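Engineer: First the structure, which I've put down as structure tokens, then a few questions once you've had a look.
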Amino acid sequence: MSHSNDHAANHHVDSVGTYIATFGALTILMIATIAAAQVNFGHSIVNNIIAMTIAILKATLVIAIFMAVRRSSGLVKLYAIGGFVWFLLFFIMFCDYATRSWEPVKGWYGEESKVVPDYPHVTDHPGERPEKHDSGH
Amino acid sequence: MAAIAAEQAHSHDHHGPLHHQFEDLDQQNEAYLVGMWAFLVQEVMFFGALFLTYTLMRWQYPMDWYFAHNELDWKLAGFNTFNLLLSSFFAAMGVRSAQLKDRKGVLLWLGGVLLCCLVFLGIKYVEYALKWEHHLVPGPSFFYQGEANPGVAQMFFGLYFAMTGLHGIHVAVGLIVFGILWLMWYFRKTIVTEDYMPTEMCGLYWHFVDLVWIFLYPLFYLIPHP
Amino acid sequence: MSAVPATQAPAPKPKSYLENGHTVASWLLTGDHKRIAILYLISVSIFFLVGGIAAGMIRTELLLPKGVFLENDSYNKVFTLHGIVMIFFFLIPAIPAVLGNFLIPLMVGARDLAFPRLNLLSWYVYMAAGTLGVIVILLGGVDTGWTFYTPYSSLYSNSQVGLTIAAAFLAGFSSIFTGINFIATIHKMRAPGLTWFRLPLFVWAHYATSVIIILGTPVIAITLLLVGVERVFRIGIFSPELGGDPILFQHLFWFYSHPAVYIMILPAMGVISELISAFSRRPVFGYHFVAFSSLAIAGLGFLVWGHHMFVSGQSMYQGVVFSLISFLVAVPSAIKVFNWTATIYKGTVKLDTPMIYALGFIGLFLIGGLTGLYLSSMATDIHLHDTYFVVAHFHYVMVGGTIMGYLGGIHFWWPKMFGRMYPDNWGKLSAVIVFIGFNLTFMPQFVVGYLGMPRRYHYYYLQPEFQPYHIMSTLGSSVLGVGYFMPVLYLLWSLKYGKKVGDNPWGASGLEWETSSPPPTTNFLEMPIVTKEVYTYDAEKAEEEFEHRQELIEEVTG
């Protein structure tokens, strides 16, 4: 099997130091996530953005180094990016929820009405089958 | 030239890591890699739909989700996060050893991955058992007395179990996959020792499992007060 | 024209894949993509029969304004059965898993698909799903419609929703496995010299389909899983009574199920490109455009799902955007139709059975596609939504498109699969009967739907004037049934008594015709080296290229 020997020689092997450094960075980022969650930044959105930014950083490290995408062929890179088509679904769907209550003309929906309901009828007894004609609320 | 050489290689070798449908190991490995990434893309979409559901529900009931999440133990899960990161590091090192054809190294690092798998599942079991005792498993026995709306709390725990459970199933599959891989290395099966790609593919899968948890952890255990 | 370079005296005819083992195990444990394709052919045919029987029951029931023999509940179950079986167990696997499985390795010049065991696993998963489906039927069926809309499916339905969801989930994974296999094979296993733009359009179409499969199918899998979880644990994700959001279900469901329409039609379009070219003796006009239009359909297909939800309460602004993008999908579809027509123009057209199916496809798909524009305009959709107009529209695309393509492909590659030819006159007759029966069945449904007949209803006694249309439709469906049954008979007959034909009875140009019929287990005895462009039908040119190949081979062998 001279083939496989040639082949293994072709492939780039990352140094142990790279992996240890990556692992160290991941651990530090993890501690940063936990630490940031204990702090109140005034608004939860800031916390969420910090948490997600750190998660994306960690994910990038794992994908680029552990999964060796940075050294892979363009095709693998394409597929690695392809996984994020999911954000498209995410974006389009939230466009729906975000624009549902827009009025084409002021007063279109009347004074009080809201398009996105508040779901006031969430049952207090989740184990039970909901009644179809529950007028108690 | 290559085609003919490969044809000869193909005609007399049926026992090594090369499968009959491929010309040479390079082609086989590239095909494996593309196939694996295609699989990972579908996994991303699989979990993606769950993350989307999660986002929508948390967006609609921010307070209830905050209160419900207080029932979860972020310290245990934090340890598990570290545990998974460590296992991912082990897996990467294992793949590196496989590239260098260092069998002892592979056995050592993959053994580490297996150990982390077991620890993860053990901690997960403790977490789930606590939820079960506290009647926080959705269904007829669900009983929640907290500040959140009980219906929404049940939804929260439903998604919690769905997402971490699905992730847990992936970890369990990883345990099986790495167990088999470890045994194959132990018994010097040429399919893994002559070609690092099977080890690399298992590693890719495991890093993906790690990736999912990297997002699950802050989203479920570290919800800020809205 | 011949593929295998004539180096020495002709070798004895190799053992074909059909002769390589005759035991049951040699079929059920095979890794050979050709045998798996045959296994799929048998299984999808059985499910087509099941779905067809359900269709017959629906049509019979609709003969009279007050119904003929079904109760409300059983009618719901029958149309659900028809939808689920036809979509998940016939249309989605039909062309990729049968023709694609058989032909893609042959067309790219490979010995097998990249992952033969995964391929076999996909068949077993499909059969497991099918078995669950049969169990569901035996346990009384399911009544949610194939769309599983919540909250009915998750909270209220008393039928076998859970098992059906499991079946659909498994069927999804079966197609994911096929998709992964195709992607790896098409990317990495093409023969030397076979560049992307020398690939047949069939392969391009299957590549686009595979991308849709791996991006879309997992979403439906997880959505159905959540419906199941909600049904069992009542966690309230999709049911407003429990705080969930039914529109979320519809978003997730259609995110897959609209692209699924392209999973069904794109492979058929690939088949048609092959047929049109082979029977017009011309390369496909605008090859690059047709190739990229497949990818464009795959891409745009993911951006239009909201047109199923115009009246279900999504944001109207988003409705406008979805409507516009839906119109855009018509562009790549039209590119294909125009290019096929341009291919036929001035071609040497031979009206063999597959070509009649292909011409039928073009006509029916045209009507199906254009009526889709009525439905993607928001204003007309409000009138036509959930009427028989929609039913007629998607049957024109699915039946008139996919099944015509599937049957055309089966007739075209039948001599490749089994080395024997069916009686062509019977084939032509069946193609014409299918075409007539189809139009008789579904054309009246456009009218009755426009007049207001809602889909999924089986009583229309308040509008007895609908009855003539339903009678026409039922009549047509029996003609259609005859048309579908005839190929079963003469194709089976041909397996034993059909005339043995050569390797390339149609004189077609693809790589798959350059090996023997039926092909040997390893497809090609020698690695094919491709030096000619795709769809070459020029005799002189072929001769030149043959010489060029000889030179190349001499160069390679030194």
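For the structure tokens, the naming scheme is as follows: chains receive sequential letters (A, B, ...) according to their order of presentation, residues are indexed from 1 within each chain, and ligands are indexed from 1 in presentation order.
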Within 8 Å of Met67 in chain A, counting only C-alpha atoms, which residues qualify if same-chain residues fewer than 4 places away don't, as a PyMOL selection string?
Structural biologist: (chain A and resi 62-63) or (chain B and resi 92+203-204+207)
Engineer: Only residues of chain B matter here; which ones have an atom within 6 Å of chain C, counting only C-alpha atoms? Give them as a list in words.
Structural biologist: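 Every residue meeting the condition is included here: Met1, Gln21, Ala31, Val34, Gly35, Ala38, Gln42, Met45, Phe46, Ala49, Pro138, Gly139, Gln154, Met155 and Gly158 of chain B.
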Engineer: Residues of the last selection are to be written out with all heavy atoms, as a short mmCIF file (atom, residue, chain, number, x, y, z; two decimals), in the first residue's frame.
Structural biologist:
data_model
loop_
_atom_site.label_atom_id
_atom_site.label_comp_id
_atom_site.auth_asym_id
_atom_site.auth_seq_id
_atom_site.Cartn_x
_atom_site.Cartn_y
_atom_site.Cartn_z
N MET B 1 -2.27 8.07 -16.42
CA MET B 1 -1.29 7.34 -15.62
C MET B 1 -1.92 6.89 -14.31
O MET B 1 -1.91 5.72 -13.96
CB MET B 1 -0.12 8.29 -15.33
CG MET B 1 1.14 7.57 -14.84
SD MET B 1 1.81 6.54 -16.15
CE MET B 1 2.63 5.30 -15.21
N GLN B 21 -15.11 0.80 -4.95
CA GLN B 21 -15.69 1.77 -5.88
C GLN B 21 -14.77 2.95 -6.14
O GLN B 21 -15.05 3.77 -6.99
CB GLN B 21 -17.07 2.24 -5.40
CG GLN B 21 -17.07 3.08 -4.14
CD GLN B 21 -17.19 2.23 -2.89
OE1 GLN B 21 -16.77 1.09 -2.87
NE2 GLN B 21 -17.76 2.79 -1.85
N ALA B 31 -14.02 11.85 -0.98
CA ALA B 31 -15.44 11.54 -1.02
C ALA B 31 -16.00 11.41 0.40
O ALA B 31 -17.09 11.90 0.70
CB ALA B 31 -15.68 10.26 -1.80
N VAL B 34 -16.43 14.93 1.84
CA VAL B 34 -17.60 15.63 1.31
C VAL B 34 -18.87 15.04 1.90
O VAL B 34 -19.78 15.76 2.34
CB VAL B 34 -17.64 15.53 -0.23
CG1 VAL B 34 -18.90 16.16 -0.76
CG2 VAL B 34 -16.43 16.19 -0.83
N GLY B 35 -18.93 13.71 1.94
CA GLY B 35 -20.11 13.07 2.49
C GLY B 35 -20.33 13.46 3.93
O GLY B 35 -21.45 13.77 4.35
N ALA B 38 -21.59 17.00 4.16
CA ALA B 38 -23.00 17.05 3.76
C ALA B 38 -23.87 16.58 4.92
O ALA B 38 -24.91 17.16 5.23
CB ALA B 38 -23.23 16.20 2.52
N GLN B 42 -26.73 18.72 7.19
CA GLN B 42 -28.10 18.35 7.53
C GLN B 42 -28.30 18.34 9.04
O GLN B 42 -29.37 18.66 9.53
CB GLN B 42 -28.54 17.06 6.83
CG GLN B 42 -28.06 15.75 7.41
CD GLN B 42 -28.92 15.29 8.56
OE1 GLN B 42 -30.08 15.65 8.69
NE2 GLN B 42 -28.33 14.50 9.43
N MET B 45 -29.05 21.86 10.09
CA MET B 45 -30.45 22.20 9.82
C MET B 45 -31.37 21.53 10.83
O MET B 45 -32.38 22.09 11.24
CB MET B 45 -30.84 21.76 8.40
CG MET B 45 -30.09 22.40 7.28
SD MET B 45 -30.16 24.19 7.25
CE MET B 45 -31.85 24.49 6.79
N PHE B 46 -31.02 20.33 11.21
CA PHE B 46 -31.82 19.56 12.16
C PHE B 46 -31.92 20.31 13.48
O PHE B 46 -33.02 20.58 13.98
CB PHE B 46 -31.11 18.21 12.33
CG PHE B 46 -31.92 17.15 13.01
CD1 PHE B 46 -33.02 16.59 12.38
CD2 PHE B 46 -31.56 16.68 14.25
CE1 PHE B 46 -33.74 15.60 12.99
CE2 PHE B 46 -32.28 15.68 14.87
CZ PHE B 46 -33.38 15.14 14.23
N ALA B 49 -33.66 24.12 13.33
CA ALA B 49 -35.10 24.32 13.48
C ALA B 49 -35.46 24.38 14.96
O ALA B 49 -36.34 25.14 15.37
CB ALA B 49 -35.85 23.20 12.78
N PRO B 138 -42.18 17.40 31.50
CA PRO B 138 -43.51 17.67 30.94
C PRO B 138 -44.34 16.40 30.84
O PRO B 138 -43.80 15.31 30.68
CB PRO B 138 -43.20 18.23 29.55
CG PRO B 138 -41.82 18.71 29.62
CD PRO B 138 -41.11 17.85 30.61
N GLY B 139 -45.63 16.60 30.94
CA GLY B 139 -46.53 15.46 30.89
C GLY B 139 -47.49 15.54 32.05
O GLY B 139 -47.59 16.55 32.73
N GLN B 154 -43.80 24.64 31.40
CA GLN B 154 -43.80 23.30 30.80
C GLN B 154 -43.23 23.35 29.38
O GLN B 154 -42.48 22.47 28.97
CB GLN B 154 -45.21 22.73 30.78
CG GLN B 154 -45.27 21.49 29.92
CD GLN B 154 -46.42 20.60 30.25
OE1 GLN B 154 -46.36 19.82 31.19
NE2 GLN B 154 -47.48 20.71 29.48
N MET B 155 -43.57 24.43 28.66
CA MET B 155 -43.02 24.59 27.32
C MET B 155 -41.49 24.70 27.39
O MET B 155 -40.77 24.06 26.62
CB MET B 155 -43.60 25.86 26.70
CG MET B 155 -43.19 26.10 25.28
SD MET B 155 -43.50 27.81 24.87
CE MET B 155 -45.26 27.89 25.02
N GLY B 158 -40.15 21.41 28.14
CA GLY B 158 -40.31 20.57 26.96
C GLY B 158 -39.18 20.79 25.98
O GLY B 158 -38.53 19.85 25.50
#
Engineer: With a distance cut-off of 8 Å and only C-alpha atoms, select the neighbouring residues of Ala153 in chain B, excluding the residue or stretch itself and same-chain residues fewer than 3 positions from it, and output the selection as a list of chain:residue names.
Structural biologist: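 These residues fall inside the cut-off: B:Asp64, B:Trp65, B:Ala68, B:Tyr144, B:Ala148, B:Asn149, B:Pro150, B:Phe156, B:Phe157.
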Engineer: Using N, CA and C atoms, can you write the selected residues to a file as a PDB file, in the first residue's frame?
Structural biologist:
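Just written: out.pdb:
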ATOM      1  N   ASP B  64     -41.094  34.562  31.724  1.00  0.00           N
ATOM      2  CA  ASP B  64     -41.352  33.187  32.159  1.00  0.00           C
ATOM      3  C   ASP B  64     -40.145  32.298  31.916  1.00  0.00           C
ATOM      4  N   TRP B  65     -39.468  32.570  30.788  1.00  0.00           N
ATOM      5  CA  TRP B  65     -38.294  31.738  30.501  1.00  0.00           C
ATOM      6  C   TRP B  65     -37.190  32.011  31.497  1.00  0.00           C
ATOM      7  N   ALA B  68     -38.233  30.209  34.670  1.00  0.00           N
ATOM      8  CA  ALA B  68     -38.159  28.749  34.539  1.00  0.00           C
ATOM      9  C   ALA B  68     -36.704  28.286  34.503  1.00  0.00           C
ATOM     10  N   TYR B 144     -45.340  22.584  38.612  1.00  0.00           N
ATOM     11  CA  TYR B 144     -44.365  23.662  38.763  1.00  0.00           C
ATOM     12  C   TYR B 144     -44.969  24.752  39.634  1.00  0.00           C
ATOM     13  N   ALA B 148     -42.929  31.667  37.102  1.00  0.00           N
ATOM     14  CA  ALA B 148     -43.336  31.609  35.697  1.00  0.00           C
ATOM     15  C   ALA B 148     -44.725  31.004  35.577  1.00  0.00           C
ATOM     16  N   ASN B 149     -45.381  31.335  34.474  1.00  0.00           N
ATOM     17  CA  ASN B 149     -46.649  30.682  34.138  1.00  0.00           C
ATOM     18  C   ASN B 149     -46.379  29.191  33.966  1.00  0.00           C
ATOM     19  N   PRO B 150     -47.151  28.342  34.651  1.00  0.00           N
ATOM     20  CA  PRO B 150     -46.840  26.904  34.586  1.00  0.00           C
ATOM     21  C   PRO B 150     -46.887  26.345  33.171  1.00  0.00           C
ATOM     22  N   PHE B 156     -41.027  25.512  28.370  1.00  0.00           N
ATOM     23  CA  PHE B 156     -39.581  25.654  28.539  1.00  0.00           C
ATOM     24  C   PHE B 156     -38.936  24.306  28.778  1.00  0.00           C
ATOM     25  N   PHE B 157     -39.499  23.552  29.709  1.00  0.00           N
ATOM     26  CA  PHE B 157     -38.871  22.262  30.005  1.00  0.00           C
ATOM     27  C   PHE B 157     -39.045  21.277  28.854  1.00  0.00           C
TER      28      PHE B 157
END
Engineer: So, with only C-alpha atoms as the atoms that count, which of B:Val152, B:Ile123, B:Val177, B:Val113 lies closest to chain A?
Structural biologist: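 Ranking B:Val152, B:Ile123, B:Val177, B:Val113 by distance to chain A, first place goes to B:Val152.
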Engineer: Name all residues at most 9 Å from range 21-31 of chain A (count only C-alpha atoms; drop same-chain ones fewer than 3 positions away) and give them as an NGL selection string.
Structural biologist: (:A and (16-18 or 34-36 or 54-55 or 57-58 or 61-62 or 65-66)) or (:B and (78 or 81-82 or 85-86 or 88-89 or 214))
Engineer: I need the helix (DSSP H, G or I) residues of range 98-140 of chain B per DSSP on the backbone, written as a PyMOL selection string.
Structural biologist: chain B and resi 98-99+103-133
Engineer: Measuring between only C-alpha atoms, which one of A:Val85, A:Val105, A:Ala32, A:Ala68 shows the shortest distance to chain C?
Structural biologist: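 Looking at the shortest contact to chain C, the residue is A:Val85.
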Engineer: State, in Å with one decimal place, the distance from CA of Gly408 in chain C to CA of Tyr357 in chain C.
Structural biologist: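 Here the two named atoms are 5.0 Å from each other.
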Engineer: CA of His307 in chain C to CA of Met378 in chain C: how many Å, to one decimal?
Structural biologist: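 That distance, rounded to one decimal, is 8.0 Å.
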Engineer: Considering only C-alpha atoms, return as a list in words whatever protein or nucleic-acid residues lie within 8 Å of range 286-295 of chain C, sequence-local ones (same chain, fewer than 3 positions apart) excluded.
Structural biologist: Phe197, Leu201, Trp204, Ala205, Ala208, Leu266, Pro283, Ala298, Gly299, Pro332, Ser333, Ile335, Lys336 and Asn339 of chain C
Engineer: Now that the selection is made, can you save its residues with N, CA and C atoms as a compact mmCIF listing (two decimals), in the first residue's frame?
Structural biologist:
# COMPACT_ATOMS: atom_id res chain seq x y z
N PHE C 197 -19.16 20.43 -16.87
CA PHE C 197 -20.00 20.79 -18.01
C PHE C 197 -20.04 19.71 -19.07
N LEU C 201 -27.48 16.47 -17.97
CA LEU C 201 -28.32 17.35 -17.15
C LEU C 201 -29.07 16.56 -16.08
N TRP C 204 -26.90 16.91 -13.13
CA TRP C 204 -27.06 18.26 -12.56
C TRP C 204 -28.35 18.35 -11.75
N ALA C 205 -29.42 17.85 -12.32
CA ALA C 205 -30.71 17.94 -11.63
C ALA C 205 -30.65 17.18 -10.32
N ALA C 208 -28.73 19.16 -7.69
CA ALA C 208 -29.58 20.21 -7.09
C ALA C 208 -30.58 19.59 -6.11
N LEU C 266 -37.51 18.29 -9.90
CA LEU C 266 -36.19 18.49 -10.54
C LEU C 266 -35.64 17.22 -11.18
N PRO C 283 -27.90 18.08 -29.23
CA PRO C 283 -27.55 18.43 -27.85
C PRO C 283 -28.61 19.37 -27.28
N ALA C 298 -33.32 25.20 -7.10
CA ALA C 298 -33.04 24.72 -5.75
C ALA C 298 -32.86 25.89 -4.79
N GLY C 299 -32.16 26.93 -5.23
CA GLY C 299 -31.93 28.07 -4.35
C GLY C 299 -33.19 28.85 -4.09
N PRO C 332 -36.44 30.25 -13.97
CA PRO C 332 -35.65 29.06 -14.33
C PRO C 332 -36.51 27.92 -14.89
N SER C 333 -37.74 27.79 -14.41
CA SER C 333 -38.60 26.73 -14.95
C SER C 333 -38.87 27.00 -16.42
N ILE C 335 -36.99 28.72 -18.43
CA ILE C 335 -35.75 28.50 -19.18
C ILE C 335 -35.69 27.06 -19.64
N LYS C 336 -36.02 26.16 -18.73
CA LYS C 336 -35.97 24.75 -19.09
C LYS C 336 -36.95 24.45 -20.22
N ASN C 339 -35.88 25.87 -23.51
CA ASN C 339 -34.71 25.21 -24.08
C ASN C 339 -35.03 23.81 -24.59
Engineer: When distances are computed from only C-alpha atoms, which of A:Ile56, A:Val46, A:Cys95, A:Leu89 shows the smallest separation from Leu303 in chain C?
Structural biologist: A:Leu89
Engineer: Quick one: of C:Leu199, C:Leu324, C:Ile247, C:Leu49, who's nearest to chain A, counting only C-alpha atoms?
Structural biologist: C:Ile247
Engineer: Near Asn48 in chain A, counting only C-alpha atoms, which residues have an atom at most 8 Å away, once you skip same-chain residues fewer than 4 positions from it, shown as an NGL selection string?
Structural biologist: (:A and (44 or 52)) or (:B and (223-224))
Engineer: Which one is closest to Met269 in chain C: C:Pro519, C:Pro444, C:Gly476, C:Pro96? Count only C-alpha atoms.
Structural biologist: C:Pro96
Engineer: Please provide as a list in words all residues within 8 Å of Leu407 in chain C, with the sequence filter that same-chain residues fewer than 4 positions apart are discarded (counting only C-alpha atoms).
Structural biologist: Pro354, Tyr357, Ile403 and His411 of chain C
